[in-house]
Amino acid sequence: MNPLISVLVPCYNGENTVINTIREITNEFTGIPFEIVFINDGSTDNSEKLIRQEMSSNSHIRLFNKENGGLSDARNFGLKYARGEYIWFFDADDLLFEGSVKKLYDIINDKSPDILCFASVTVDYKTKNYINELNNSDSFSYLFEGIYKDYLKNNKCNTFAWQYIYRRTLIQQHNLQFDTELYGCEDGYWNILVAKNCPHCKFILVDLNVVKYMVYPNSITNTTNQKKNREALEAYLKLHAKTLDLISQKNDCLQKTLEPYLIMTIEKSITRFLSCRCSLRENKYLISRIDSIIEENVGGSKLVKVFMLVKCSPIISSIAQILYRNIFLKCIKPRLGRN
């Protein structure tokens, strides 16, 4: 008998968190038919060994190894082997609210949605304090229940894939894949593709906090690693072009999502530029690329205003990058969340 939910967990050098991830998921799924599909994405530490040790006493775990290809590639790989009626993309360093999965299970059994969306709370990994407001009572309400396109007319897609549970046949029917070019920004585009291809599916949104979204200073979105920041900058520039292409298709139900998403791609390109450490010549080249995508309708953005101030000189932009990396990213950003 196939499980109801396949929890897909990409793992790359996660030896410090993988055991907690297994026990967190297993404890919350007690009494629920599920599987944990680990995709070992070319780990060079003890991740595989630790997972195999847990497999000996936990029949819900399945492990698949592959060469390192990044988060999107790992998720696409895992989708080929998942057996559950529903798919949940889970980040290995996050935690769950006690009893929340049982409530999701009851909703699925009662309502049989194609897509179920829920809430989360951001948590400081050091202090374990909640960064954003916690409102997690025993009761919850349905914020929306109906056809997805009706929700999208007045609302945006969520940025994160892990805040949704998707019916697997929905993904298979439309051959949906994560875009492997979009390092660090794949989730939002994935959800846009889901909305574009599945506008008539049954969609449910509940105000139930399920995931504790842990803030780590060295995560993809907070990293000061220069190689990763350059990769992320290129990804956001590509994402901007992909978003423009979707806008040109004039899909009415996606306009509420795509217009602000286009602004986001510009702002994220700027923050990644400010995170970089590069030569004056390279700075000049990057400034010209970002400047070319700025639209008139984003001129009021604070980040765009900052960029307009620093773009006049590669030397000034280099100073701004130093301040951003060493003060904002290290001291301020980790207190605001991973994004």
# chains A, B, ... in the order shown; residues from 1 in each chain; ligands from 1

$ residues_around --residues "stretch 195-211 of chain A" --least-positions-apart "4" --cutoff "6 Å" --atoms "only C-alpha atoms" --output "JSON, numbers by chain"
{"A": [95, 96, 97, 100, 113, 114, 115, 116, 117, 118, 119, 120, 136, 140, 141, 142, 143, 144, 145, 146, 147, 148, 149]}

$ closest_atom_pairs --of "stretch 150-187 of chain A" --to "stretch 73-92 of chain A" --cutoff "9 Å" --atoms "only C-alpha atoms" --output "Markdown table"
| residue | atom | partner | partner_atom | distance |
| --- | --- | --- | --- | --- |
| A:Ala161 | CA | A:Phe89 | CA | 6.4 |
| A:Trp162 | CA | A:Phe89 | CA | 5.0 |
| A:Gln163 | CA | A:Phe89 | CA | 8.3 |
| A:Tyr164 | CA | A:Trp88 | CA | 6.8 |
| A:Ile165 | CA | A:Trp88 | CA | 4.9 |
| A:Tyr166 | CA | A:Ile87 | CA | 5.2 |
| A:Arg167 | CA | A:Tyr86 | CA | 4.4 |
| A:Arg168 | CA | A:Tyr86 | CA | 5.1 |
| A:Thr169 | CA | A:Glu85 | CA | 7.5 |
| A:Ile171 | CA | A:Leu79 | CA | 8.9 |
| A:Gln172 | CA | A:Leu79 | CA | 8.9 |
| A:Leu176 | CA | A:Asn76 | CA | 8.8 |
| A:Gln177 | CA | A:Asn76 | CA | 6.0 |
| A:Phe178 | CA | A:Asn76 | CA | 6.4 |
| A:Asp179 | CA | A:Asp73 | CA | 8.0 |
| A:Thr180 | CA | A:Asp73 | CA | 5.9 |

$ closest_residue --among "A:Glu54, A:Glu67, A:Glu282, A:Glu24" --to "A:Tyr12" --atoms "only C-alpha atoms"
A:Glu67

$ atom_distance --atom1 "atom CA of A:Ser317" --atom2 "atom CA of A:Leu182"
25.1 Å

$ select_by_dssp --residues "stretch 148-310 of chain A" --states "alpha helix (DSSP H)" --output "ChimeraX atom specification"
/A:148-152,168-173,186-197,226-248,255-275,280-293,302-310
